[in-house]
Every structure is written in structure tokens, then in C-alpha cells.
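Below is one structure, written out as C-alpha cells, with a few remarks after it.
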Amino acid sequence: MSDTTAEAAPEAPAAPAAAPGGGAESFTDRLRHPRTYAVLIGSLLLLVLPFYLDRFWLQAGLFAMAAAIGAIGLNMLTGATGQLSMGHAFFLAVGAYGYCVLAGESSTENGHTLTGLGLPTWLAAILAVLLAGAAGGLFSPIAGRLRGAYLGIATLALIFIGQHVLFNAGSLTGGYNGRAVPPLSLFGFTFDDTEVVVAAVPFGSSEKLWYAGLAALLLSALFARGVLRGRPGRAMNAIRDHRIAAGVMGVPVARYRAGVFVLSSMYAGLAGVLLALVFQRTVPEYFGMILSLEYLAMIVIGGLGSVAGAVIGAAFVTLLPQVFTHYSDSLPLVSAPGTGGLAPGEASRYLYGAAVVAVVLFLPGGLARLGLARTRKPSAPNEPKATKQSASPNQSALPKQSAPPKNPGEKS
């Protein structure tokens with residue numbers, strides 16, 4: 001290498017120092033990211049909403065939270081691991097009715113002698129989630145060996161079995177009319193309709209449950225995000241993309257499939273408990289085939305394999321009927337139920353059915369990937385790229401110099 005080049009080497013612009021963790025953004029850079037400000041503003045907005053919204057919108061938001069918890073569990077099963085499940089509503093019913101039986105008292109209602117264990121409600125909620133996981137564990141040997149449409153057909157049988165039990169086991173479920181749901185009580189604070197005045201605003205059951213639902217959704221999302229971003233998530237994605245290659249690499253495919261099915265069932269059980277607390281009465285007809293199809297629509301519209309996608313899809317599918325119902329007088333082609341026009345529920349199913357088709361055709365990553373593409377910062381065009389190989393003495397790491405000017409008579 002010539003002396004001129006050797007002297008020019010110290011004058012080369014230094015490459016930007018890599019952030020700790022192999023080029024990841026520093027904590028200060030993350031704080032300056034627009035998405036961080038959006039999350040903070042959204043969190044603050046969710047905390048103050050009970051002071052301004054009426055009961056209708058608070059209940060709609062609670063339905064969306066419960067649906068988001070269940071959709072996160074289904075997204076880990078279907079989106080991240082590639083296991084199609086058509087029986088998610090069955091595990092929601094196990095969580096909802098399990099809480100009613102464990103927390104309720106034995107009584108007579110609508111001609112049925114209801115069985116109840118009378119446990120503390122907070123303990124009954126935890127045991128109901130574990131009961132849903134145990135129900136998923138009983139089915140997990142089948143889930144560990146079947147895949148694709150075969151697993152979907154097998155889980156479809158759970159819906160028919162569950163509906164038969166819910167309608168006929170009157171001592172546990174109350175039959176067609178369902179049974180009342182005991183209000184949740186935690187540390188002496190009861191989430192019922194007894195009004196508590198906070199900052200001159202009366203708080204009823206919806207306002208109180210709002211913060212319980214937020215806490216449950218936050219913990220569920222953080223746990224699922226940790227699973228998907230860690231070693232189990234990489235194994236789940238490997239099973240989804242190529243199960244034979246995953247098995248060759250040492251991933252216990254059947255064990256992972258069974259474990260994810262149990263985890264998804266526990267998420268559904270938690271969603272069922274929250275739904276029961278919001279409804280204040282469980283009805284067997286609600287936990288049917290349509291509910292399972294709605295959960296599949298949630299994860300497809302929001303984005304498969306994404307926690308944020310599950311939340312976005314759940315909000316879209318759950319809030320759409322509520323919006324149509326509330327504004328049915330102002331919307332064209334939509335009328336109140338029983339008036340002869342297109343009911344809000346039917347109109348919402350048409351709309352998110354069309355949304356599923358549009359996402360599959362034009363946006364395979366779902367609405368979550370659309371938002372990610374908008375917030376992702378484009379890389380600089382002249383940004384130097386790091387290479388794994390070190391520069392050899394004959395191959396300097398200096399920037400490329402421009403070619404010398406050509407002679408006027410030289411051909412290009």
C-alpha cells in the first residue's frame with residue numbers, strides 16, 4: 001500500500017459506534033421514537049376513559065379487552081405455531097362457567113338446583129383459568145399429533161360437545177337461561193354495581209372492571225411477547241415453517257404443540273372469566289361456532305403471529321357491532337334489530353368478512369404490519385454496512401475514491 005494511502009487512512013470518517021446488544025437502539029433513542037410517545041399517550045388515554053365514557057362504551061371496551069386476551073392465546077397457537085383451532089369458544093366457556101361454579105353458592109334458579117363451591121372469587125378466577133388449561137391438556141395429545149385441517153376438524157368437535165353439556169348440565173350451567181355470575185372481590189374491594197365516588201365521578205361495575213381488564217390484558221400481552229421473542233417463540237416458528245427441519249434440529253415438535261395448546265386454552269379461560277364478569281350472566285348460546293369464527297377473523301385481520309395484531313383485530317371485530325348498534329339510526333342500510341332492515345350484527349359480519357378477504361389478498365401481514373411499515377425508519381442511503389470479515393492489508397476499509405477524470409479523447 002502506498003504512503004499516500006497510508007497517510008489518508010486516519011482521515012477516513014469513523015463508522016458510528018454500535019449500540020450495546022449488537023447494533024440495537026439505545027434507551028435514549030427508543031424514548032425519542034414516535035411510537036414510544038404514541039404508547040404513552042394511548043396508555044394515559046385508557047386510564048382516564050372511565051371518567052368520561054358512559055356505561056355502553058365502557059362495556060364495549062371491556063368486551064374488546066376480553067377478546068384481545070383470547071385472541072393473543074389463539075395467535076400463539078395458530079399464528080406462531082401453525083395449529084388451526086376451531087374450538088376456542090369451548091375453552092372460553094370452561095373459564096366462564098368454571099368461575100361461576102367455583103365462586104357461586106348452591107341455590108335454586110329457573111327450576112334448576114345450581115351447584116356452587118363458594119370459594120373466594122379471586123381464587124375461583126385463578127382456578128377457572130387453570131381448569132381451562134387442564135381441559136386443553138386433556139386434548140393436547142391429539143393437538144400434538146394432528147396438524148392443519150385435521151386439527152381444525154378435531155377441535156370443531158369440542159364446540160358440539162361443549163354446547164351439548166352447557167344446555168343439558170343444568171345443575172352446573174343453569175341450562176338455556178344460564179346462571180348469574182358472582183362479582184369479583186379482591187383485597188376487600190368488590191367489582192359490583194355499588195357506586196364508589198372517585199374525583200366526583202360515580203364508579204360502578206364497568207368502571208371498576210375497566211382497570212382490572214387493563215391489568216389482565218397488559219400482563220397477558222407482556223407474557224406472550226416474551227414467549228414469542230424468546231427461544232420458545234423461535235421453536236414455535238420453526239415448527240410452523242418446517243416441522244421436519246425443526247425436529248431434525250432437536251425441537252420436540254409434539255411437546256411444543258401440546259404445550260402451546262395448553263397455554264392458548266389458559267388465555268381463553270382468562271378471557272372467559274372477564275367476559276362472564278362483564279356480562280354478569282353466562283348464556284350457553286354465546287359460546288358457539290360463531291364465536292370461534294370471530295376469533296379466527298381477529299387474528300387474520302390483525303396479523304398472524306403478532307401480539308399487537310391480536311389486540312388490533314380483537315378491537316376491530318368486537319367494537320364494530322357496538323358502533324353499528326349505537327349509530328344504527330344514522331348509518332345507511334343499517335337499522336335497529338327487529339325493524340326489518342339489516343341488523344347491526346349482520347352488517348358487522350359482512351364488513352369484517354370482507355376485511356378478512358382483503359387482508360388475505362392485499363395485506364398478508366395484517367393491520368399490525370401496516371402500522372409497523374409506517375413507523376419503521378428508513379435506512380440512510382449512504383449508511384456503511386458492517387461486514388463480518390476484517391479488512392485485509394490489500395483491501396482497505398476506506399470509502400471508495402472516485403475514479404480519476406477521463407481524458408477528453410478517451411471513449412466512455
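Letters A, B, ... go to the chains of the C-alpha cells in the order shown; residues in each chain start at 1; ligands are counted from 1 in the same order.
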Polymer residues at most 12 Å from Ala154 in chain A, only C-alpha atoms, same-chain spacing of 2 or more positions, as a short mmCIF file (atom, residue, chain, number, x, y, z; two decimals) with N, CA, C and O atoms, in the first residue's frame:
data_model
loop_
_atom_site.label_atom_id
_atom_site.label_comp_id
_atom_site.auth_asym_id
_atom_site.auth_seq_id
_atom_site.Cartn_x
_atom_site.Cartn_y
_atom_site.Cartn_z
N GLN A 83 -51.01 -24.13 14.19
CA GLN A 83 -52.04 -25.11 14.52
C GLN A 83 -53.42 -24.46 14.41
O GLN A 83 -53.74 -23.53 15.16
N LEU A 84 -54.23 -24.96 13.52
CA LEU A 84 -55.57 -24.42 13.32
C LEU A 84 -56.50 -24.94 14.40
O LEU A 84 -56.62 -26.15 14.60
N SER A 85 -57.16 -24.02 15.10
CA SER A 85 -58.09 -24.40 16.16
C SER A 85 -59.44 -23.75 15.89
O SER A 85 -59.53 -22.54 15.73
N MET A 86 -60.47 -24.59 15.83
CA MET A 86 -61.84 -24.11 15.64
C MET A 86 -62.65 -24.19 16.93
O MET A 86 -63.84 -23.90 16.93
N GLY A 87 -62.02 -24.59 18.02
CA GLY A 87 -62.75 -24.80 19.26
C GLY A 87 -62.37 -23.84 20.36
O GLY A 87 -62.48 -24.17 21.55
N HIS A 88 -61.94 -22.62 20.00
CA HIS A 88 -61.50 -21.67 21.02
C HIS A 88 -62.66 -21.27 21.93
O HIS A 88 -62.44 -21.01 23.12
N PHE A 139 -56.84 -32.44 25.82
CA PHE A 139 -56.89 -32.51 24.37
C PHE A 139 -55.51 -32.40 23.74
O PHE A 139 -55.35 -32.63 22.53
N SER A 140 -54.50 -32.04 24.53
CA SER A 140 -53.16 -31.78 23.98
C SER A 140 -52.52 -32.99 23.30
O SER A 140 -51.77 -32.80 22.32
N PRO A 141 -52.73 -34.25 23.75
CA PRO A 141 -52.14 -35.36 22.98
C PRO A 141 -52.64 -35.41 21.54
O PRO A 141 -51.87 -35.73 20.63
N ILE A 142 -53.90 -35.06 21.33
CA ILE A 142 -54.42 -35.01 19.96
C ILE A 142 -53.81 -33.82 19.22
O ILE A 142 -53.42 -33.92 18.05
N ALA A 143 -53.72 -32.67 19.92
CA ALA A 143 -53.15 -31.47 19.29
C ALA A 143 -51.68 -31.66 18.95
O ALA A 143 -51.18 -31.06 18.00
N GLY A 144 -50.98 -32.49 19.72
CA GLY A 144 -49.57 -32.71 19.45
C GLY A 144 -49.30 -33.59 18.25
O GLY A 144 -48.18 -33.59 17.72
N ARG A 145 -50.31 -34.33 17.79
CA ARG A 145 -50.10 -35.27 16.69
C ARG A 145 -50.83 -34.89 15.41
O ARG A 145 -50.48 -35.38 14.34
N LEU A 146 -51.83 -34.02 15.52
CA LEU A 146 -52.56 -33.59 14.33
C LEU A 146 -52.12 -32.19 13.93
O LEU A 146 -51.61 -31.42 14.74
N ARG A 147 -52.32 -31.87 12.67
CA ARG A 147 -51.98 -30.53 12.19
C ARG A 147 -52.89 -30.17 11.02
O ARG A 147 -53.53 -31.04 10.41
N GLY A 148 -52.92 -28.88 10.73
CA GLY A 148 -53.68 -28.40 9.59
C GLY A 148 -55.18 -28.60 9.75
O GLY A 148 -55.76 -28.44 10.83
N ALA A 149 -55.83 -28.98 8.67
CA ALA A 149 -57.28 -29.14 8.66
C ALA A 149 -57.73 -30.26 9.59
O ALA A 149 -58.83 -30.21 10.13
N TYR A 150 -56.87 -31.28 9.78
CA TYR A 150 -57.26 -32.39 10.66
C TYR A 150 -57.40 -31.91 12.10
O TYR A 150 -58.34 -32.31 12.81
N LEU A 151 -56.50 -31.04 12.55
CA LEU A 151 -56.63 -30.49 13.89
C LEU A 151 -57.85 -29.58 13.97
O LEU A 151 -58.56 -29.57 14.99
N GLY A 152 -58.12 -28.81 12.93
CA GLY A 152 -59.29 -27.95 12.93
C GLY A 152 -60.58 -28.74 13.05
O GLY A 152 -61.49 -28.35 13.79
N LEU A 156 -63.15 -28.78 16.20
CA LEU A 156 -64.54 -28.46 15.92
C LEU A 156 -65.48 -29.33 16.74
O LEU A 156 -66.58 -28.90 17.14
N ALA A 157 -65.05 -30.55 17.03
CA ALA A 157 -65.87 -31.44 17.85
C ALA A 157 -66.05 -30.90 19.26
O ALA A 157 -67.08 -31.19 19.91
N LEU A 158 -65.08 -30.12 19.75
CA LEU A 158 -65.21 -29.55 21.09
C LEU A 158 -66.40 -28.60 21.18
O LEU A 158 -67.04 -28.51 22.24
N ILE A 159 -66.69 -27.89 20.10
CA ILE A 159 -67.83 -26.97 20.12
C ILE A 159 -69.14 -27.74 20.31
O ILE A 159 -69.99 -27.37 21.13
N PHE A 160 -69.32 -28.84 19.57
CA PHE A 160 -70.56 -29.62 19.68
C PHE A 160 -70.67 -30.29 21.05
O PHE A 160 -71.75 -30.32 21.65
N ILE A 161 -69.55 -30.79 21.55
CA ILE A 161 -69.58 -31.39 22.89
C ILE A 161 -69.89 -30.33 23.94
O ILE A 161 -70.71 -30.54 24.85
#
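Taking CA of Phe56 in chain A and CA of Val323 in chain A as endpoints, the distance between them is 10.3 Å.
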Margin query: Considering only strand (DSSP E) as DSSP defines it on the backbone, what residues of range 112-344 of chain A qualify? List them as a PyMOL selection string.
Written below: chain A and resi 112-114+179-180+185-186+189-190+196-198+201-203+281-282
Using only all heavy atoms, please write the residues we just selected to a file, as a CSV table (one decimal), in the first residue's frame.
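The resulting result-v9.csv:
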chain,number,residue,atom,x,y,z
A,112,HIS,N,-83.7,-24.9,38.3
A,112,HIS,CA,-82.5,-25.7,38.4
A,112,HIS,C,-81.9,-25.5,39.7
A,112,HIS,O,-81.7,-24.4,40.2
A,112,HIS,CB,-81.5,-25.3,37.3
A,112,HIS,CG,-82.0,-25.6,35.9
A,112,HIS,ND1,-82.0,-26.9,35.3
A,112,HIS,CD2,-82.5,-24.7,34.9
A,112,HIS,CE1,-82.5,-26.8,34.1
A,112,HIS,NE2,-82.8,-25.5,33.8
A,113,THR,N,-81.4,-26.6,40.3
A,113,THR,CA,-80.7,-26.6,41.5
A,113,THR,C,-79.2,-26.4,41.2
A,113,THR,O,-78.6,-27.4,40.7
A,113,THR,CB,-80.9,-27.9,42.4
A,113,THR,OG1,-82.3,-28.0,42.7
A,113,THR,CG2,-80.1,-27.8,43.7
A,114,LEU,N,-78.7,-25.2,41.3
A,114,LEU,CA,-77.3,-24.9,40.9
A,114,LEU,C,-76.3,-25.3,41.9
A,114,LEU,O,-76.5,-25.2,43.1
A,114,LEU,CB,-77.2,-23.4,40.6
A,114,LEU,CG,-78.1,-22.9,39.5
A,114,LEU,CD1,-77.9,-21.4,39.4
A,114,LEU,CD2,-77.9,-23.6,38.2
A,179,ARG,N,-76.7,-18.9,34.2
A,179,ARG,CA,-76.6,-18.6,35.6
A,179,ARG,C,-75.9,-17.3,35.9
A,179,ARG,O,-75.1,-16.8,35.1
A,179,ARG,CB,-76.0,-19.8,36.4
A,179,ARG,CG,-74.5,-20.0,36.0
A,179,ARG,CD,-73.9,-21.2,36.8
A,179,ARG,NE,-73.9,-21.0,38.3
A,179,ARG,CZ,-73.6,-21.9,39.2
A,179,ARG,NH1,-73.3,-23.1,38.8
A,179,ARG,NH2,-73.7,-21.6,40.5
A,180,ALA,N,-76.3,-16.7,37.1
A,180,ALA,CA,-75.7,-15.5,37.4
A,180,ALA,C,-74.2,-15.6,37.8
A,180,ALA,O,-73.7,-16.7,38.2
A,180,ALA,CB,-76.5,-14.9,38.6
A,185,SER,N,-64.2,-10.1,43.9
A,185,SER,CA,-63.8,-9.4,45.1
A,185,SER,C,-62.3,-9.6,45.3
A,185,SER,O,-61.8,-10.8,45.3
A,185,SER,CB,-64.6,-9.9,46.3
A,185,SER,OG,-64.2,-9.1,47.5
A,186,LEU,N,-61.5,-8.5,45.5
A,186,LEU,CA,-60.1,-8.6,45.6
A,186,LEU,C,-59.6,-7.6,46.7
A,186,LEU,O,-59.9,-6.4,46.6
A,186,LEU,CB,-59.4,-8.3,44.3
A,186,LEU,CG,-57.9,-8.4,44.2
A,186,LEU,CD1,-57.5,-9.9,44.4
A,186,LEU,CD2,-57.4,-8.0,42.8
A,189,PHE,N,-62.2,-5.3,48.0
A,189,PHE,CA,-62.8,-4.4,47.1
A,189,PHE,C,-63.6,-5.2,46.1
A,189,PHE,O,-63.1,-6.1,45.4
A,189,PHE,CB,-61.7,-3.6,46.3
A,189,PHE,CG,-62.3,-2.6,45.4
A,189,PHE,CD1,-62.7,-1.4,45.9
A,189,PHE,CD2,-62.3,-2.8,44.0
A,189,PHE,CE1,-63.2,-0.4,45.0
A,189,PHE,CE2,-62.8,-1.9,43.1
A,189,PHE,CZ,-63.3,-0.7,43.6
A,190,THR,N,-64.9,-4.9,46.0
A,190,THR,CA,-65.8,-5.7,45.2
A,190,THR,C,-66.1,-5.0,43.9
A,190,THR,O,-66.5,-3.8,43.9
A,190,THR,CB,-67.1,-6.0,45.9
A,190,THR,OG1,-66.8,-6.6,47.2
A,190,THR,CG2,-68.0,-6.9,45.1
A,196,VAL,N,-68.9,3.9,43.9
A,196,VAL,CA,-67.8,4.5,44.6
A,196,VAL,C,-67.5,5.8,43.9
A,196,VAL,O,-67.2,5.7,42.7
A,196,VAL,CB,-66.6,3.5,44.7
A,196,VAL,CG1,-65.5,4.2,45.4
A,196,VAL,CG2,-67.0,2.2,45.4
A,197,VAL,N,-67.5,6.9,44.6
A,197,VAL,CA,-67.2,8.2,44.0
A,197,VAL,C,-65.7,8.4,44.0
A,197,VAL,O,-65.1,8.4,45.0
A,197,VAL,CB,-68.0,9.3,44.8
A,197,VAL,CG1,-67.7,10.7,44.1
A,197,VAL,CG2,-69.4,9.0,44.8
A,198,VAL,N,-65.2,8.6,42.8
A,198,VAL,CA,-63.8,8.9,42.6
A,198,VAL,C,-63.7,10.2,41.8
A,198,VAL,O,-64.2,10.2,40.6
A,198,VAL,CB,-63.0,7.8,41.8
A,198,VAL,CG1,-61.6,8.1,41.6
A,198,VAL,CG2,-63.2,6.5,42.6
A,201,VAL,N,-66.8,11.4,40.3
A,201,VAL,CA,-67.4,10.5,39.2
A,201,VAL,C,-67.8,9.2,39.9
A,201,VAL,O,-67.0,8.6,40.5
A,201,VAL,CB,-66.4,10.3,38.1
A,201,VAL,CG1,-67.0,9.3,37.1
A,201,VAL,CG2,-66.0,11.6,37.4
A,202,PRO,N,-69.1,8.8,39.8
A,202,PRO,CA,-69.5,7.6,40.4
A,202,PRO,C,-69.0,6.4,39.6
A,202,PRO,O,-69.2,6.3,38.4
A,202,PRO,CB,-71.1,7.6,40.3
A,202,PRO,CG,-71.3,8.6,39.2
A,202,PRO,CD,-70.2,9.6,39.2
A,203,PHE,N,-68.3,5.5,40.3
A,203,PHE,CA,-67.8,4.3,39.7
A,203,PHE,C,-68.6,3.1,40.0
A,203,PHE,O,-68.8,2.7,41.1
A,203,PHE,CB,-66.3,4.0,40.2
A,203,PHE,CG,-65.3,4.7,39.3
A,203,PHE,CD1,-65.4,5.9,38.8
A,203,PHE,CD2,-64.1,4.0,39.1
A,203,PHE,CE1,-64.5,6.6,38.1
A,203,PHE,CE2,-63.1,4.6,38.3
A,203,PHE,CZ,-63.3,5.9,37.8
A,281,ARG,N,-73.9,-12.5,33.6
A,281,ARG,CA,-74.7,-13.7,33.4
A,281,ARG,C,-74.2,-14.5,32.2
A,281,ARG,O,-73.9,-13.9,31.1
A,281,ARG,CB,-76.2,-13.4,33.2
A,281,ARG,CG,-77.1,-14.6,33.3
A,281,ARG,CD,-78.5,-14.3,33.2
A,281,ARG,NE,-79.4,-15.5,33.6
A,281,ARG,CZ,-79.6,-15.9,34.8
A,281,ARG,NH1,-79.2,-15.2,35.8
A,281,ARG,NH2,-80.4,-16.9,35.0
A,282,THR,N,-74.0,-15.8,32.4
A,282,THR,CA,-73.5,-16.6,31.3
A,282,THR,C,-74.6,-17.3,30.6
A,282,THR,O,-75.5,-17.8,31.2
A,282,THR,CB,-72.5,-17.7,31.9
A,282,THR,OG1,-73.2,-18.5,32.9
A,282,THR,CG2,-71.3,-17.1,32.5
Check: Just how far from CA of Gly204 in chain A is CA of Ser106 in chain A, in Å to one decimal?
Finding: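 Between CA of Ser106 in chain A and CA of Gly204 in chain A the gap is 26.3 Å.
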